[in-house]
Amino acid sequence: MSTATATASSSIIEEKRHVGMGIFFLVVAVAIIGFFALNTTPEMTTTFGLNPGAKTNAPRLEDWVLPTRSTLWLLAIVSAFFGGWQLAKGFKRVYLALLVVVLMFIFAFLTWAARGTSMNLLGMISASLLRATPIAFGALSGIMCERAGVINIAIEGMMLSGAMVAVVVASIFRNYDAVNAVTQAPLFPGWIVSIGQTLDKVNISEAMPWYLLLGLFAGMLTGGILAAFHAWLSITFKVDQIVSGTVINIFSVGITSFMSQRFLQPIPALNSGGTFKTMPVPLLSHIPIIGPLLFENRLIIYILFVLVIAIHIMLFYTRWGLRTIAVGEHPEAADTLGINVFKMRYINVIIGGLIAGIGGAYFTIGSVGRFDEVLTAGKGFIGLAAMIFGKWTPLGAFGASLIFGFADALQVKMQGLGIQQVPIPSEFLLMAPYIVTMVVLAGVIGQAIPPAADGKPYEKD
Amino acid sequence: MRTILDAVLVPILAVFSALVIGAVIIVVTDAEVYAAFREGFGAGLGAIVRSVAVAYGALFSGSLGDANAISESLVASTPYIFAGLAVALGFRGGLFNIGGEGQLLVAAGVSVVIGYSFQLPAIIHLPLALLGGMLGGAIYGAIPGYLKAKTGAHEVINTIMMNYIAFRFFDWAFTGPLRRPGGDAPVTAEIYPSAYLPQLFEGYRFHWGFFLALAVAFGVWWLLFKTTLGFEIRTVGANPNAARYGGIKITRITVLTMAISGGLAGLAGSNEVLGLNHFLAGGFSAGYGFDAIALALLGKSHPLGVVLASLLFGTLRNGATRMQSVASIPIDIISVVQALVIVFIAAPAIVRWIYRVRAREELERAVFTRGWGA
C-alpha cells in the first residue's frame, strides 16, 4: 500500500479498531460467563499447584485454592469494565489492555478447566518453556539469516537433520560396543570404539556426558552445513531463497526417513542416545518460583538463554551486528562503505544454521533421546512465525516463542484433564499452535516490518 | 528445434544427475557393499554394480516392465498432474502454494461424503463429487490467499499451518462423524459406484482420471495464456507494481489465484478417492502436495511441462514401490532425488558447470515468490 493512501485511511481504520477492541473486551466478558461461569456450581473450587516438579531446590509453596464460580464472575466483570472504559474513554495503551484481557480469558479458561480438581500451574509454565525451546531456536536462526537479508524457510529441515545426526552420533559413542557388535568395519571403524573407551574414563559430568556433547556438536554442524548449502544456492547462484529453502526441507525429510528406515529401525542401538539431565544452578535455583522455572534446566535451555541475550547484544551493540543490519536493509549502501555483502550474508546464514542445528538436537538428545520420522512437526515454521511476531528481535522472538509454547503445553494439559473436564476433542486442541500461528501472522504482520532487503539476492554491479 | 533442445537439456541433465546421486546414496548406505570390499577391490566394485542394478532394475521393471506396471505408473502420475498444475499456477501468480496437501485432503473429504451420501445417476453424481471436492479445495486455498492479500501474512507459512490443521481435523473426523457406520477402523464408508471415475480396461486400475487430468492441464494452459484473467494472474506474478498501476485489483487476483490453485490441488485428492480407493482413511496422501513443488519447477510452471514432469515422477514413484519391496530400499530415496532435481533446475548454473553446457540467454527469470511483506 502506498504511503498516501495509508495515511488517508489510517484514521478511519484507527476509529474502527478503537470501537472493535471495546466490543471485543465485552465479548470476552460474555464468553467467560456463558462458556465458563454458568457451567459451574457455587461450591466448586479450583486448586492451582505452584511447585513445578516433585523435587526442586526451592522451598515448596502451598497450593492456591480459588472458589471457581466467584473467580470467573470477577474476571468477567473486570473484562466488561475494560470494554466499557475502552468504548467510553479509550485506553491510551490499548494493546496493553488487550494483553491483560487475553490473559484474564486464559486464566478464566484454566480456572474453569480445573473446576473441582487441581492443576499444576507452575508445572504448565515450566512445560511451556520446554515446548518453546525448539521454536525459539528456530526463531533465533531466522533472525540471524533475515537480518542479513536472506529468508530461511529451511529451518524445519535443518532442525530435522540436526535432530537425527545428534542422536545418531550420541548413540554411536554411547553404545559403541553394541553398535560394533551388529555392524563391522569399515562401516563402523575401530577407532570409534577406542575413542569411546578413552573418553568413558574422563567423563566430565553425569548431567552432560561427553557423548551427548559430541552429539550436540554434530547436530549443530549438520545445521551449519545445510545452511552453507542454502547460502551457496541463494547467495552465489541467486536461486529464489524460498525455493532453495524448500529444497532443503524436502531433502531433509527424504534423507532422514531413508536413513531411519535403513539403519535406525534395524539397529536400535543407533537410536538411543540418552538425554541431558537437569543441572540446577547453585544458589539461584533456590529462589521460589523463578528458581525452578529458569535455573533448574537442561544444558540446551541454558544455551538458549545465553544465545537470546548474546544475539541481542551482538546485533544491536557491536560493529558486526550493525553491519549485518546494514546488509539486510540496504546492501548497496553497505557495499559502497566497503562491507563485503556476500561474506556477511554467508557468515550469518551459517551461524543461523548452527543455531537451528542446536534446536534440532533438542528434539532428540534434549528431550526424548530417540529419533522418529518427521518429529519436528512444523516447529521450524512456527519458529518463523515467532520471529515475525517478535519483529525480528531476539527478545521479542523469545517472548513470542513462549506464547506458542504455552499454547502447546495448554493443549497437552487439557488432554490430561480428560474429556469430562474439557469437552473438546484432543485433535482440536492439537490444532491450537497452528491456529495461533495464523492468527498472530494475520494480526501482527501489518505492524511488523521485515528487513528491507529480506529475500532479495544482491547483484553486485 | 534448437530452442526446444535448449529447453529440455537442463531438465534431462538434472534428472540424470539426481538419479546418479541417488545411486551413490544407495551404494554408500548398503552394508553388503562394505562387506564385499573386505573380500577385495574387484568384489567390492561388483557389489556396487549389483546394488545399483538391483535397485534401479526394480525401479524400471516396476514402472514400465509390463502392461500393469505402465497402468500403475499412469495412475500414480494422475494426482501429480493436478497437484503440479496447482503449484505451477500459483508460481505464475507469484504465490507459493505449499498447502496442496491440506487442500487435497479437504477435497477428498468433500468428494467422499458426496460419494456415499447420495444415490444419483452417474451422470450427475460423478461431476457433483468432483466439483464438490474442487470447491472444498478452492475454499481451503482461498483462505491463505485472502490472508495474504489483506494482511500480508505469507502464504508459505499459512498454507503449511493449514496442512497441519487439515491433518488434525481429519484425524478427528475419521474417528467421529465420518467413521464408517458399524466399523472400528478410522476409515469412511465406501462411495456408491455411481460416483466412481470408471476404469477403462478390465483388471487394470487405470481410470478416466488420467484423461481428466490432461483436459484440466489444457484448461489451465488456456486460462493462463488465452484469457484476461490469466493475463492478470501472470502480470501480478511478474510485476505487482506494474499490475497495480495497470488497474488490476491485486487482492482479487491473489485470492482467485489461490482459490484456483487450491481447486486444482483438490482435484488430486478427489481423483484418488473417486478413481482408486473409493473411501478415505488416515495417512491417505502420499505427499503429492509437496512433490508438486518439484513438478512445477521441473515443468517450468508450464502446463505441458508439468504433465511431462508428472509422468516422470509418477513412473519413478511407482517404480520405487517395487524397489522398496524387491531391494528393500526405503521409498523416501525418491524425495531425495526430487530435492536434487529441484536444486539442479533452480540453479541451472550447477548443471551447466558439471556438463560444460554453454548458457543460452536468460529470456525470462521467473519470479516465484516475494518477501514477507509485499
# chains A, B, ... in the order shown; residues from 1 in each chain; ligands from 1
call {"tool": "residues_around", "arguments": {"residues": "B:Leu89", "least_positions_apart": "3", "cutoff": "7 Å", "atoms": "only C-alpha atoms", "output": "PyMOL selection string"}}
result
chain B and resi 85-86+92-93+261+301
call {"tool": "interface_residues", "arguments": {"of": "chain A", "to": "chain B", "cutoff": "8 Å", "atoms": "only C-alpha atoms", "output": "PyMOL selection string"}}
result
chain A and resi 151+186-187+233+237-240+242-244+247-248+250-255+257-258+261-262+378+381+385+425+427-428+430-431+434-435+437-438+441-443+445-446+449-450+454-456
call {"tool": "write_last_selection", "arguments": {"atoms": "N, CA and C atoms", "output": "CSV table (one decimal), in the first residue's frame"}}
result
chain,number,residue,atom,x,y,z
A,151,ILE,N,16.1,-14.9,3.5
A,151,ILE,CA,15.0,-15.7,4.0
A,151,ILE,C,15.4,-17.1,4.2
A,186,PRO,N,34.5,-51.8,7.4
A,186,PRO,CA,34.8,-50.4,7.6
A,186,PRO,C,33.6,-49.5,7.8
A,187,LEU,N,32.4,-50.1,7.8
A,187,LEU,CA,31.2,-49.3,8.1
A,187,LEU,C,31.3,-48.7,9.5
A,233,LEU,N,23.4,-21.7,-2.6
A,233,LEU,CA,22.4,-21.6,-3.7
A,233,LEU,C,21.8,-20.2,-3.8
A,237,PHE,N,24.4,-18.5,-6.3
A,237,PHE,CA,23.7,-18.8,-7.6
A,237,PHE,C,22.4,-18.0,-7.7
A,238,LYS,N,22.1,-17.2,-6.6
A,238,LYS,CA,20.9,-16.4,-6.7
A,238,LYS,C,19.6,-17.1,-7.0
A,239,VAL,N,19.6,-18.4,-6.5
A,239,VAL,CA,18.3,-19.2,-6.6
A,239,VAL,C,17.3,-18.5,-5.7
A,240,ASP,N,16.0,-18.5,-6.1
A,240,ASP,CA,15.0,-18.0,-5.2
A,240,ASP,C,15.1,-18.6,-3.8
A,242,ILE,N,13.2,-18.9,-1.3
A,242,ILE,CA,12.1,-19.8,-0.8
A,242,ILE,C,12.3,-21.2,-1.5
A,243,VAL,N,12.6,-21.2,-2.8
A,243,VAL,CA,12.8,-22.5,-3.5
A,243,VAL,C,14.0,-23.2,-2.8
A,244,SER,N,15.1,-22.5,-2.6
A,244,SER,CA,16.2,-23.1,-2.0
A,244,SER,C,15.9,-23.7,-0.7
A,247,VAL,N,13.8,-26.8,-1.0
A,247,VAL,CA,14.7,-28.0,-1.4
A,247,VAL,C,15.3,-28.6,-0.2
A,248,ILE,N,15.8,-27.8,0.7
A,248,ILE,CA,16.5,-28.4,1.9
A,248,ILE,C,15.4,-29.1,2.8
A,250,ILE,N,12.6,-30.6,1.7
A,250,ILE,CA,12.2,-31.9,1.1
A,250,ILE,C,13.4,-32.9,1.3
A,251,PHE,N,14.6,-32.4,1.0
A,251,PHE,CA,15.8,-33.3,1.1
A,251,PHE,C,15.9,-33.8,2.5
A,252,SER,N,15.7,-33.0,3.5
A,252,SER,CA,15.8,-33.4,4.9
A,252,SER,C,14.8,-34.5,5.3
A,253,VAL,N,13.5,-34.2,4.9
A,253,VAL,CA,12.5,-35.2,5.2
A,253,VAL,C,12.9,-36.6,4.5
A,254,GLY,N,13.3,-36.5,3.2
A,254,GLY,CA,13.6,-37.7,2.5
A,254,GLY,C,14.8,-38.4,3.1
A,255,ILE,N,15.9,-37.7,3.3
A,255,ILE,CA,17.1,-38.4,3.7
A,255,ILE,C,17.0,-38.9,5.2
A,257,SER,N,14.2,-39.9,6.7
A,257,SER,CA,13.3,-41.0,6.7
A,257,SER,C,14.0,-42.2,6.1
A,258,PHE,N,14.7,-42.0,5.0
A,258,PHE,CA,15.5,-43.1,4.4
A,258,PHE,C,16.5,-43.7,5.4
A,261,GLN,N,14.8,-45.7,8.2
A,261,GLN,CA,14.3,-47.0,7.8
A,261,GLN,C,15.5,-47.9,7.5
A,262,ARG,N,16.6,-47.4,7.0
A,262,ARG,CA,17.7,-48.2,6.6
A,262,ARG,C,18.5,-48.6,7.8
A,378,GLY,N,6.7,-29.3,12.1
A,378,GLY,CA,6.4,-27.9,11.8
A,378,GLY,C,6.9,-26.9,12.8
A,381,PHE,N,8.7,-23.9,11.2
A,381,PHE,CA,7.9,-22.9,10.6
A,381,PHE,C,7.2,-22.0,11.7
A,385,ALA,N,7.2,-17.9,12.4
A,385,ALA,CA,6.1,-17.0,12.8
A,385,ALA,C,6.5,-16.3,14.1
A,425,PRO,N,-12.5,-32.3,21.6
A,425,PRO,CA,-11.7,-33.4,21.1
A,425,PRO,C,-10.2,-33.0,21.1
A,427,GLU,N,-7.9,-33.7,19.1
A,427,GLU,CA,-7.4,-33.3,17.8
A,427,GLU,C,-7.5,-31.8,17.6
A,428,PHE,N,-8.6,-31.2,18.1
A,428,PHE,CA,-8.8,-29.8,18.0
A,428,PHE,C,-7.8,-29.0,18.9
A,430,LEU,N,-4.9,-30.0,19.5
A,430,LEU,CA,-3.6,-30.1,18.8
A,430,LEU,C,-3.5,-29.1,17.7
A,431,MET,N,-4.6,-28.6,17.2
A,431,MET,CA,-4.6,-27.6,16.2
A,431,MET,C,-4.2,-26.2,16.8
A,434,TYR,N,-1.1,-24.2,15.7
A,434,TYR,CA,-1.1,-23.8,14.2
A,434,TYR,C,-2.1,-22.6,14.0
A,435,ILE,N,-3.2,-22.7,14.7
A,435,ILE,CA,-4.2,-21.6,14.6
A,435,ILE,C,-3.6,-20.3,15.2
A,437,THR,N,-0.6,-19.5,15.3
A,437,THR,CA,0.4,-19.0,14.4
A,437,THR,C,-0.3,-18.2,13.3
A,438,MET,N,-1.4,-18.7,12.8
A,438,MET,CA,-2.0,-18.0,11.7
A,438,MET,C,-2.6,-16.7,12.2
A,441,LEU,N,0.2,-14.2,12.7
A,441,LEU,CA,0.7,-13.7,11.4
A,441,LEU,C,-0.2,-12.7,10.9
A,442,ALA,N,-1.5,-13.0,10.9
A,442,ALA,CA,-2.5,-12.1,10.3
A,442,ALA,C,-2.6,-10.8,11.1
A,443,GLY,N,-2.6,-10.9,12.4
A,443,GLY,CA,-2.8,-9.8,13.2
A,443,GLY,C,-1.6,-8.9,13.3
A,445,ILE,N,1.4,-8.9,11.2
A,445,ILE,CA,2.3,-8.6,10.1
A,445,ILE,C,2.2,-7.2,9.6
A,446,GLY,N,1.0,-6.6,9.7
A,446,GLY,CA,0.9,-5.2,9.3
A,446,GLY,C,1.8,-4.3,10.0
A,449,ILE,N,7.7,-5.0,10.3
A,449,ILE,CA,8.3,-4.6,9.1
A,449,ILE,C,9.6,-5.4,8.9
A,450,PRO,N,9.7,-6.3,7.9
A,450,PRO,CA,10.9,-7.1,7.8
A,450,PRO,C,12.1,-6.2,7.3
A,454,ASP,N,15.2,-8.1,2.7
A,454,ASP,CA,15.0,-9.5,3.0
A,454,ASP,C,14.5,-10.3,1.8
A,455,GLY,N,15.1,-11.3,1.4
A,455,GLY,CA,14.7,-12.2,0.3
A,455,GLY,C,15.2,-11.7,-1.0
A,456,LYS,N,15.9,-10.6,-1.1
A,456,LYS,CA,16.4,-10.2,-2.4
A,456,LYS,C,17.8,-10.5,-2.6
call {"tool": "residues_around", "arguments": {"residues": "B:Gly109", "least_positions_apart": "5", "cutoff": "9 Å", "atoms": "only C-alpha atoms", "output": "VMD selection string"}}
result
chain B and resid 104 114 133 136 170 178 269 to 270 273 280
call {"tool": "write_last_selection", "arguments": {"atoms": "C-alpha atoms", "output": "CSV table (one decimal), in the first residue's frame"}}
result
chain,number,residue,atom,x,y,z
B,104,LEU,CA,-6.4,-32.2,-1.5
B,114,ILE,CA,-20.9,-36.6,-1.6
B,133,GLY,CA,-14.2,-31.6,-3.9
B,136,GLY,CA,-13.6,-27.6,-1.0
B,170,PHE,CA,-9.4,-35.5,9.6
B,178,LEU,CA,-17.0,-39.6,9.1
B,269,GLY,CA,-7.5,-35.7,-3.8
B,270,SER,CA,-10.9,-36.2,-5.4
B,273,VAL,CA,-10.9,-41.3,-3.8
B,280,LEU,CA,-10.9,-42.2,2.7
call {"tool": "closest_residue", "arguments": {"among": "A:Phe295, A:Phe363, A:Phe371, A:Phe105", "to": "A:Trp73", "atoms": "only C-alpha atoms"}}
result
A:Phe105
call {"tool": "residues_around", "arguments": {"residues": "B:Val216", "least_positions_apart": "4", "cutoff": "8 Å", "atoms": "only C-alpha atoms", "output": "mmCIF file with C-alpha atoms, in the first residue's frame"}}
result
data_model
loop_
_atom_site.group_PDB
_atom_site.id
_atom_site.type_symbol
_atom_site.label_atom_id
_atom_site.label_comp_id
_atom_site.auth_asym_id
_atom_site.auth_seq_id
_atom_site.Cartn_x
_atom_site.Cartn_y
_atom_site.Cartn_z
ATOM 1 C CA PHE B 82 -3.345 -31.977 -10.736
ATOM 2 C CA LEU B 212 -9.480 -35.624 -16.897
ATOM 3 C CA VAL B 220 -5.032 -24.300 -17.243
#
call {"tool": "atom_distance", "arguments": {"atom1": "atom CA of B:Ala55", "atom2": "atom CA of B:Ala69"}}
result
16.1 Å
call {"tool": "closest_residue", "arguments": {"among": "A:Pro451, A:Pro282, A:Pro292, A:Gly416", "to": "A:Asn51", "atoms": "only C-alpha atoms"}}
result
A:Pro292
call {"tool": "residues_around", "arguments": {"residues": "A:Gln86", "least_positions_apart": "6", "cutoff": "8 Å", "atoms": "only C-alpha atoms", "output": "ChimeraX atom specification"}}
result
/A:18-19,21-22
call {"tool": "write_last_selection", "arguments": {"atoms": "C-alpha atoms", "output": "PDB file, in the first residue's frame"}}
result
ATOM      1  CA  HIS A  18     -10.916   1.516  18.720  1.00  0.00           C
ATOM      2  CA  VAL A  19     -14.574   0.501  18.802  1.00  0.00           C
ATOM      3  CA  MET A  21     -11.434  -3.512  20.612  1.00  0.00           C
ATOM      4  CA  GLY A  22     -14.011  -2.331  23.138  1.00  0.00           C
TER       5      GLY A  22
END
call {"tool": "residues_around", "arguments": {"residues": "B:Phe201", "least_positions_apart": "6", "cutoff": "12 Å", "atoms": "only C-alpha atoms", "output": "PyMOL selection string"}}
result
chain B and resi 67-68+71+207-208
call {"tool": "write_last_selection", "arguments": {"atoms": "N, CA and C atoms", "output": "PDB file, in the first residue's frame"}}
result
ATOM      1  N   ALA B  67       2.323 -54.376 -18.839  1.00  0.00           N
ATOM      2  CA  ALA B  67       1.135 -53.539 -19.000  1.00  0.00           C
ATOM      3  C   ALA B  67       0.625 -53.035 -17.660  1.00  0.00           C
ATOM      4  N   ASN B  68       0.620 -53.921 -16.653  1.00  0.00           N
ATOM      5  CA  ASN B  68       0.111 -53.494 -15.354  1.00  0.00           C
ATOM      6  C   ASN B  68       1.004 -52.412 -14.754  1.00  0.00           C
ATOM      7  N   SER B  71       0.194 -49.227 -16.441  1.00  0.00           N
ATOM      8  CA  SER B  71      -1.091 -48.740 -15.926  1.00  0.00           C
ATOM      9  C   SER B  71      -0.892 -48.090 -14.570  1.00  0.00           C
ATOM     10  N   HIS B 207      -7.753 -45.415 -14.861  1.00  0.00           N
ATOM     11  CA  HIS B 207      -9.126 -44.911 -14.940  1.00  0.00           C
ATOM     12  C   HIS B 207      -9.172 -43.559 -15.650  1.00  0.00           C
ATOM     13  N   TRP B 208     -10.396 -43.055 -15.815  1.00  0.00           N
ATOM     14  CA  TRP B 208     -10.617 -41.841 -16.600  1.00  0.00           C
ATOM     15  C   TRP B 208      -9.964 -40.608 -15.991  1.00  0.00           C
TER      16      TRP B 208
END
call {"tool": "select_by_dssp", "arguments": {"residues": "stretch 3-243 of chain B", "states": "helix (DSSP H, G or I)", "output": "VMD selection string"}}
result
chain B and resid 3 to 28 31 to 39 41 to 64 67 to 92 100 to 117 122 to 151 155 to 175 193 to 195 209 to 226 228 to 238 240 to 243
call {"tool": "residues_around", "arguments": {"residues": "stretch 229-236 of chain B", "least_positions_apart": "5", "cutoff": "8 Å", "atoms": "only C-alpha atoms", "output": "ChimeraX atom specification"}}
result
/B:92-94,223-224,241-244,248,250,253-254,257
call {"tool": "atom_distance", "arguments": {"atom1": "atom CA of A:Met124", "atom2": "atom CA of A:Val374"}}
result
25.4 Å
